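Colleague: One file is attached below, query09.txt, containing compact mmCIF, C-alpha atoms.
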```
# COMPACT_ATOMS: atom_id res chain seq x y z
CA MET A 1 -22.16 -3.19 -30.38
CA THR A 2 -19.76 -6.10 -30.13
CA ILE A 3 -16.05 -5.64 -29.55
CA ASN A 4 -12.93 -7.77 -29.27
CA ILE A 5 -11.19 -7.86 -25.89
CA THR A 6 -7.61 -9.08 -25.53
CA LEU A 7 -6.65 -10.34 -22.07
CA ARG A 8 -3.01 -10.16 -21.02
CA TRP A 9 -1.58 -11.79 -17.93
CA ALA A 10 1.70 -12.81 -16.34
CA GLY A 11 2.54 -16.47 -15.95
CA PRO A 12 2.86 -17.47 -12.26
CA GLY A 13 6.14 -18.63 -10.77
CA ASP A 14 5.23 -22.33 -11.06
CA ALA A 15 4.26 -22.13 -14.76
CA ALA A 16 6.33 -24.40 -16.98
CA SER A 17 6.12 -26.52 -20.11
CA GLY A 18 2.90 -28.50 -19.71
CA SER A 19 1.05 -25.75 -17.85
CA ALA A 20 -2.37 -24.68 -19.13
CA TYR A 21 -4.98 -21.97 -18.48
CA ARG A 22 -8.75 -22.23 -18.22
CA ILE A 23 -10.40 -18.96 -19.29
CA GLU A 24 -13.99 -18.05 -18.39
CA ARG A 25 -16.19 -14.96 -18.79
CA THR A 26 -19.18 -13.50 -16.95
CA LEU A 27 -21.45 -10.50 -17.43
CA ASP A 28 -23.44 -10.98 -14.22
CA TRP A 29 -21.13 -12.74 -11.70
CA GLN A 30 -23.53 -15.70 -11.66
CA THR A 31 -23.18 -17.39 -15.05
CA TRP A 32 -19.70 -18.21 -16.32
CA SER A 33 -18.99 -19.17 -19.93
CA GLU A 34 -15.91 -21.27 -20.67
CA LEU A 35 -13.87 -19.71 -23.47
CA ALA A 36 -10.86 -22.02 -23.32
CA ALA A 37 -10.69 -25.28 -21.36
CA ALA A 38 -6.91 -25.67 -21.41
CA GLN A 39 -4.95 -23.05 -23.35
CA ALA A 40 -1.32 -24.16 -23.39
CA ALA A 41 1.14 -21.89 -21.58
CA THR A 42 3.82 -20.26 -23.73
CA SER A 43 7.54 -19.75 -23.18
CA PRO A 44 9.01 -18.29 -20.99
CA TYR A 45 6.08 -19.71 -18.95
CA ALA A 46 6.84 -17.95 -15.64
CA SER A 47 6.74 -14.19 -16.14
CA LEU A 48 9.92 -12.16 -16.60
CA THR A 49 10.14 -9.42 -13.97
CA ALA A 50 11.93 -6.15 -13.23
CA THR A 51 11.71 -3.55 -10.47
CA LEU A 52 11.28 0.21 -10.77
CA ALA A 53 14.48 2.22 -10.26
CA ALA A 54 12.40 5.36 -9.70
CA GLU A 55 8.79 6.35 -9.14
CA ALA A 56 6.57 5.94 -12.21
CA SER A 57 3.42 7.98 -12.79
CA PHE A 58 0.40 7.22 -14.94
CA GLY A 59 1.00 8.70 -18.37
CA ASP A 60 4.82 8.55 -18.28
CA THR A 61 6.21 7.61 -21.69
CA GLY A 62 9.32 6.06 -20.16
CA ILE A 63 9.87 3.75 -17.16
CA SER A 64 13.22 3.41 -15.39
CA LEU A 65 14.13 -0.09 -14.17
CA ASN A 66 16.97 -1.40 -11.99
CA SER A 67 17.77 -4.03 -14.63
CA ASN A 68 15.96 -5.06 -17.77
CA SER A 69 15.67 -8.61 -19.06
CA LEU A 70 12.18 -7.94 -20.39
CA SER A 71 11.28 -8.32 -24.05
CA SER A 72 12.19 -5.49 -26.43
CA SER A 73 8.48 -4.70 -26.75
CA GLY A 74 5.45 -6.01 -24.93
CA TYR A 75 2.98 -5.62 -22.08
CA GLY A 76 3.33 -5.82 -18.32
CA TRP A 77 1.45 -5.44 -15.05
CA LEU A 78 2.68 -2.81 -12.63
CA ASP A 79 0.42 -3.39 -9.64
CA ASP A 80 -3.04 -2.53 -11.12
CA ALA A 81 -1.66 -0.84 -14.24
CA LEU A 82 -1.34 -2.58 -17.60
CA VAL A 83 1.49 -0.87 -19.47
CA GLN A 84 2.74 -1.39 -23.01
CA TRP A 85 6.19 -0.49 -24.31
CA THR A 86 7.64 -0.41 -27.82
CA GLY A 87 11.37 -0.22 -27.07
CA LYS A 88 14.24 -0.37 -24.56
CA SER A 89 17.12 1.97 -23.87
CA GLY A 90 19.57 0.41 -21.45
CA ALA A 91 17.51 -0.57 -18.42
CA ASN A 92 14.65 1.76 -19.39
CA LEU A 93 11.40 1.07 -21.21
CA THR A 94 10.48 3.54 -23.95
CA GLY A 95 7.33 4.30 -25.92
CA VAL A 96 5.19 3.46 -22.91
CA THR A 97 1.38 3.52 -23.10
CA TRP A 98 -0.81 3.09 -20.01
CA HIS A 99 -3.95 1.00 -20.58
CA SER A 100 -5.11 1.11 -16.96
CA GLY A 101 -4.03 2.33 -13.54
CA SER A 102 -3.82 5.75 -11.95
CA GLY A 103 -1.53 7.87 -9.81
CA THR A 104 2.07 6.95 -8.99
CA TYR A 105 3.90 3.68 -8.40
CA PRO A 106 6.85 3.77 -5.97
CA SER A 107 10.42 2.77 -6.61
CA ALA A 108 11.06 -0.99 -6.20
CA THR A 109 7.55 -1.94 -7.38
CA THR A 110 7.77 -5.12 -9.46
CA LEU A 111 6.76 -5.09 -13.12
CA TYR A 112 5.58 -8.50 -14.37
CA GLU A 113 5.76 -9.06 -18.12
CA ALA A 114 2.32 -10.13 -19.37
CA HIS A 115 3.38 -12.47 -22.15
CA GLU A 116 0.24 -14.64 -22.04
CA SER A 117 -2.88 -13.51 -23.92
CA TYR A 118 -6.32 -14.52 -25.16
CA THR A 119 -8.64 -12.60 -27.50
CA ASP A 120 -12.37 -12.78 -26.81
CA SER A 121 -14.16 -11.97 -30.07
CA GLY A 122 -17.62 -10.51 -30.47
CA VAL A 123 -18.47 -9.75 -26.85
CA ASP A 124 -21.13 -7.13 -25.99
CA PRO A 125 -20.50 -5.56 -22.56
CA SER A 126 -22.87 -2.62 -23.03
CA ASP A 127 -25.72 -3.95 -20.89
CA ASN A 128 -23.53 -4.44 -17.81
CA ASP A 129 -20.76 -1.89 -18.45
CA ALA A 130 -18.05 -4.44 -17.66
CA VAL A 131 -16.86 -7.93 -18.51
CA VAL A 132 -15.10 -10.10 -15.94
CA TYR A 133 -12.71 -12.90 -16.82
CA ARG A 134 -11.54 -15.75 -14.59
CA ILE A 135 -8.15 -17.31 -15.40
CA THR A 136 -7.16 -20.56 -13.68
CA HIS A 137 -3.67 -22.03 -14.01
CA THR A 138 -3.01 -25.78 -13.92
CA ASP A 139 0.64 -26.82 -13.72
CA ALA A 140 2.32 -29.79 -15.41
CA ALA A 141 1.55 -31.97 -12.37
CA SER A 142 -2.20 -31.12 -12.64
CA ARG A 143 -2.16 -28.89 -9.57
CA VAL A 144 -4.76 -26.13 -9.87
CA SER A 145 -4.06 -22.63 -8.57
CA PRO A 146 -6.64 -20.20 -7.16
CA PRO A 147 -8.16 -18.22 -10.06
CA ALA A 148 -7.16 -14.69 -11.02
CA TYR A 149 -9.77 -12.16 -12.14
CA CYS A 150 -9.46 -9.55 -14.87
CA TRP A 151 -12.02 -6.73 -15.08
CA TYR A 152 -12.65 -4.98 -18.41
CA TYR A 153 -14.66 -1.82 -17.73
CA TYR A 154 -16.85 -0.40 -20.49
CA PRO A 155 -18.86 2.55 -19.14
CA ALA A 156 -21.11 4.74 -21.26
CA ALA A 157 -19.36 7.69 -22.86
CA PRO A 158 -19.15 10.88 -20.77
CA ALA A 159 -22.06 13.28 -21.23
CA SER A 160 -19.62 15.98 -22.37
CA LYS A 161 -15.90 16.53 -22.86
CA ASP A 162 -15.85 18.16 -19.42
CA HIS A 163 -17.11 15.04 -17.65
CA CYS A 164 -15.38 11.94 -16.31
CA VAL A 165 -17.38 8.82 -15.42
CA VAL A 166 -16.51 7.71 -11.89
CA ILE A 167 -17.07 3.98 -11.46
CA VAL A 168 -17.97 2.78 -7.97
CA ALA A 169 -17.23 -0.96 -7.78
CA ILE A 170 -18.43 -2.79 -4.69
CA GLY A 171 -16.42 -5.96 -4.86
CA GLY A 172 -14.35 -5.04 -7.89
CA ASP A 173 -12.10 -2.50 -6.19
CA LEU A 174 -12.89 -2.64 -2.46
CA GLY A 175 -11.73 -6.17 -1.68
CA VAL A 176 -15.18 -7.47 -0.71
CA THR A 177 -17.78 -9.74 -2.28
CA VAL A 178 -19.51 -8.34 -5.38
CA ARG A 179 -22.84 -6.91 -4.26
CA SER A 180 -25.69 -5.89 -6.54
CA GLY A 181 -28.63 -3.71 -5.53
CA VAL A 182 -26.57 -1.57 -3.13
CA THR A 183 -27.57 2.10 -2.95
CA VAL A 184 -24.75 4.54 -3.73
CA THR A 185 -25.12 8.33 -3.58
CA CYS A 186 -22.85 11.09 -4.88
CA GLU A 187 -22.97 14.75 -3.82
CA LEU A 188 -20.96 17.94 -3.78
CA ALA A 189 -20.84 19.93 -0.56
CA SER A 190 -21.96 23.00 -2.52
CA ASP A 191 -22.39 24.22 -6.07
CA ASP A 192 -20.68 27.62 -5.76
CA GLN A 193 -18.05 26.62 -8.32
CA PHE A 194 -20.69 26.15 -11.02
CA ALA A 195 -21.92 29.74 -11.22
CA ASP A 196 -20.33 30.11 -14.67
CA ILE A 197 -20.74 26.52 -15.84
CA GLY A 198 -24.28 25.28 -15.23
CA GLY A 199 -25.53 21.80 -16.04
CA THR A 200 -25.87 18.68 -13.96
CA HIS A 201 -23.16 18.40 -11.35
CA LEU A 202 -24.59 16.26 -8.49
CA ASP A 203 -24.64 19.04 -5.91
CA ALA A 204 -26.37 18.78 -2.54
CA GLU A 205 -29.21 21.05 -3.65
CA GLN A 206 -29.89 19.14 -6.85
CA SER A 207 -31.19 15.86 -5.52
CA GLY A 208 -32.57 13.35 -7.98
CA ALA A 209 -32.03 10.02 -9.67
CA ALA A 210 -28.58 10.99 -10.91
CA ASN A 211 -27.39 11.44 -7.33
CA SER A 212 -28.48 7.98 -6.21
CA GLN A 213 -27.99 4.67 -7.99
CA THR A 214 -28.06 0.99 -7.18
CA THR A 215 -25.20 -1.28 -8.17
CA ASN A 216 -25.78 -3.61 -11.11
CA ASP A 217 -25.14 -7.36 -11.33
CA LEU A 218 -21.39 -6.78 -11.20
CA GLY A 219 -21.61 -4.44 -8.21
CA LEU A 220 -21.05 -1.29 -10.30
CA ALA A 221 -22.57 2.20 -10.21
CA PHE A 222 -21.65 5.07 -12.55
CA PHE A 223 -21.62 8.84 -11.96
CA GLN A 224 -20.97 11.66 -14.42
CA CYS A 225 -18.63 14.06 -12.57
CA TRP A 226 -16.97 17.26 -13.73
CA LYS A 227 -13.26 17.05 -14.43
CA SER A 228 -11.30 19.27 -12.06
CA SER A 229 -9.65 21.00 -15.04
CA ALA A 230 -13.09 22.08 -16.31
CA ARG A 231 -14.05 23.58 -12.97
CA GLY A 232 -10.85 25.38 -12.03
CA GLY A 233 -12.36 27.24 -9.07
CA LYS A 234 -14.90 29.06 -11.27
CA GLY A 235 -17.26 31.04 -9.08
CA GLY A 236 -14.51 31.71 -6.52
CA GLY A 237 -12.86 29.48 -3.98
CA ALA A 238 -11.61 25.94 -4.16
CA ASP A 239 -13.54 23.20 -5.94
CA ALA A 240 -15.88 21.33 -3.61
CA ALA A 241 -15.03 17.64 -3.30
CA TYR A 242 -17.36 14.89 -4.49
CA THR A 243 -18.49 12.55 -1.71
CA PHE A 244 -19.70 9.03 -2.48
CA VAL A 245 -21.67 7.14 0.15
CA LEU A 246 -21.68 3.38 -0.35
CA ASP A 247 -24.65 1.47 1.06
CA SER A 248 -26.30 4.82 1.65
CA GLY A 249 -28.95 4.75 4.38
CA ALA A 250 -27.54 1.63 6.02
CA ALA A 251 -25.75 1.47 9.36
CA GLY A 252 -22.00 1.69 8.85
CA ALA A 253 -22.27 3.24 5.38
CA LEU A 254 -18.86 4.04 3.90
CA ALA A 255 -18.19 7.60 2.73
CA VAL A 256 -15.41 8.14 0.19
CA THR A 257 -14.24 11.61 -0.86
CA ALA A 258 -12.79 12.35 -4.29
CA ALA A 259 -11.10 15.74 -4.07
CA SER A 260 -9.92 15.72 -7.70
CA ILE A 261 -11.45 14.27 -10.88
CA PRO A 262 -8.85 13.53 -13.61
CA ASP A 263 -8.83 14.41 -17.31
CA ARG A 264 -9.98 10.96 -18.39
CA ASP A 265 -13.16 9.49 -19.84
CA TRP A 266 -13.57 7.26 -16.77
CA VAL A 267 -11.80 6.36 -13.56
CA LEU A 268 -12.35 3.95 -10.67
CA LEU A 269 -13.34 5.52 -7.38
CA LYS A 270 -10.55 3.59 -5.68
CA ASP A 271 -8.04 5.51 -7.81
CA VAL A 272 -9.30 8.99 -6.84
CA GLY A 273 -10.95 8.45 -3.46
CA ALA A 274 -9.47 8.91 -0.03
```
Could you show the structure in this file as structure tokens?
Modeller:
Amino acid sequence: MTINITLRWAGPGDAASGSAYRIERTLDWQTWSELAAAQAATSPYASLTATLAAEASFGDTGISLNSNSLSSSGYGWLDDALVQWTGKSGANLTGVTWHSGSGTYPSATTLYEAHESYTDSGVDPSDNDAVVYRITHTDAASRVSPPAYCWYYYPAAPASKDHCVVIVAIGGDLGVTVRSGVTVTCELASDDQFADIGGTHLDAEQSGAANSQTTNDLGLAFFQCWKSSARGGKGGGADAAYTFVLDSGAAGALAVTAASIPDRDWVLLKDVGA
């Protein structure tokens, strides 16, 4: 099934009249398709910014800012979170929708208005479960900046309403080179909490293909995990944490524990792991 994907990004500090953006797309990290050779930058060119006056949490419908010269409605990047707002009240943003991100963002974090955009029509990400875009800025003096990358994740739907797909991204969210063919395992310490639930839950006693995967061309592996709200300590005791082992079986394998799985269709391991 093809979909339309709209990219939104903030203009860098050196953007000005005469700046342009090259936009490329990949489904496998090897082959890049050029979507726009030189899309002209739009006013105000360099992004408008504001800083948080108080902590903001994923899902908040309002965001408090120290001052607010942002547009009356629009989109912005708050660290890794793309937020949308439909109004302003004093220095505050209202009608906020979170399109990405997780957790909390501390006071004084900078919000960059994402006034630049490009719509990619008719793309099919289903075979790779993500689309990656590369955006390169060239200023009016023809100086080219290092590219920025935008990941659009598109995992398969959860197996049930009680599941959340945890995406392990080797390279996408761990700050290292994208690596395909890496073995990743996921296990629970025990399955005591599932006495009244049943079903697949990736416990230590239920080994199988679902517990072990290899990353795809974009360095991604996907695991169907139970939302913490659906478990709720059923069977007695606290919920056992999920443990993900990256590069399982190799020397120096990295173990990441996710103590809580949120009420979302999918989440990045980096946003729930510790």
Colleague: Mind dumping a table of every range 71-125 of chain A residue within 10 Å of range 149-171 of chain A, with the nearest atom pair and its distance in Å to one decimal, using only C-alpha atoms, sorted by chain and rising number, as a tab-separated table?
Modeller:
```
residue	atom	partner	partner_atom	distance
A:Ser100	CA	A:Tyr152	CA	9.8
A:Asp124	CA	A:Tyr154	CA	9.7
A:Pro125	CA	A:Tyr154	CA	6.7
```
Colleague: Compare A:Asp79, A:Asp60, A:Asp129, A:Asp120 by their minimum atom-to-atom distance to Trp98 in chain A, counting all atoms listed in the file, and give me the closest one.
Modeller: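 Of A:Asp79, A:Asp60, A:Asp129, A:Asp120, the one nearest Trp98 in chain A, counting all atoms listed in the file, is A:Asp60.
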Colleague: So what do you get for CA of Ala255 in chain A versus CA of Leu218 in chain A, distance-wise?
Modeller: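 CA of Leu218 in chain A lies at a distance of 20.3 Å from CA of Ala255 in chain A.
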Colleague: Between CA of Gly59 in chain A and CA of Ala114 in chain A, measure the distance and give it in Å to one decimal.
Modeller: 18.9 Å
Colleague: Have a look at A:Ser121, A:Thr136, A:Ser180, A:Asn4 and name the one nearest to Ala41 in chain A; count all atoms listed in the file.
Modeller: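 Comparing A:Ser121, A:Thr136, A:Ser180, A:Asn4 against Ala41 in chain A, the winner is A:Thr136.
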Colleague: May I ask for the distance between CA of Glu116 in chain A and CA of Ala10 in chain A, given in Å to one decimal place?
Modeller: 6.2 Å
Colleague: Find the residues near Ala16 in chain A: any atom within 12 Å, counting only C-alpha atoms, skip ones fewer than 3 places away on the same chain, and give them as a list in words.
Modeller: Gly11, Pro12, Gly13, Ser19, Ala20, Tyr21, Ala40, Ala41, Thr42, Ser43, Pro44, Tyr45, Ala46, Ser47, His137, Thr138, Asp139, Ala140, Ala141 and Ser142 of chain A
Colleague: May I ask you to restore N, CA and C atoms in range 30-46 of chain A and write the result as a short mmCIF file (atom, residue, chain, number, x, y, z; two decimals), in the frame of the given file?
Modeller:
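What follows is the written file out-v1.cif:
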```
data_model
loop_
_atom_site.label_atom_id
_atom_site.label_comp_id
_atom_site.auth_asym_id
_atom_site.auth_seq_id
_atom_site.Cartn_x
_atom_site.Cartn_y
_atom_site.Cartn_z
N GLN A 30 -22.84 -14.46 -12.00
CA GLN A 30 -23.53 -15.70 -11.66
C GLN A 30 -23.26 -16.79 -12.69
N THR A 31 -23.35 -16.44 -13.97
CA THR A 31 -23.18 -17.39 -15.05
C THR A 31 -21.82 -17.19 -15.70
N TRP A 32 -21.03 -18.27 -15.73
CA TRP A 32 -19.70 -18.21 -16.32
C TRP A 32 -19.66 -19.05 -17.58
N SER A 33 -19.15 -18.47 -18.66
CA SER A 33 -18.99 -19.17 -19.93
C SER A 33 -17.54 -19.56 -20.11
N GLU A 34 -17.29 -20.81 -20.45
CA GLU A 34 -15.91 -21.27 -20.67
C GLU A 34 -15.48 -20.91 -22.08
N LEU A 35 -14.41 -20.13 -22.18
CA LEU A 35 -13.87 -19.71 -23.47
C LEU A 35 -12.75 -20.62 -23.94
N ALA A 36 -11.96 -21.10 -23.00
CA ALA A 36 -10.86 -22.02 -23.32
C ALA A 36 -10.72 -22.98 -22.15
N ALA A 37 -10.77 -24.28 -22.43
CA ALA A 37 -10.69 -25.28 -21.36
C ALA A 37 -9.27 -25.47 -20.87
N ALA A 38 -8.31 -25.42 -21.80
CA ALA A 38 -6.91 -25.67 -21.41
C ALA A 38 -5.99 -25.06 -22.46
N GLN A 39 -5.87 -23.72 -22.44
CA GLN A 39 -4.95 -23.05 -23.35
C GLN A 39 -3.53 -23.29 -22.89
N ALA A 40 -2.69 -23.82 -23.76
CA ALA A 40 -1.32 -24.16 -23.39
C ALA A 40 -0.52 -22.91 -23.04
N ALA A 41 0.25 -22.99 -21.96
CA ALA A 41 1.14 -21.89 -21.58
C ALA A 41 2.24 -21.75 -22.63
N THR A 42 2.78 -20.53 -22.75
CA THR A 42 3.82 -20.26 -23.73
C THR A 42 5.11 -19.84 -23.03
N SER A 43 6.22 -20.14 -23.70
CA SER A 43 7.54 -19.75 -23.18
C SER A 43 7.60 -18.23 -23.06
N PRO A 44 8.18 -17.66 -22.02
CA PRO A 44 9.01 -18.29 -20.99
C PRO A 44 8.24 -18.86 -19.80
N TYR A 45 6.92 -19.08 -19.97
CA TYR A 45 6.08 -19.71 -18.95
C TYR A 45 5.94 -18.83 -17.71
N ALA A 46 6.87 -18.88 -16.78
CA ALA A 46 6.84 -17.95 -15.64
C ALA A 46 7.23 -16.56 -16.14
#
```
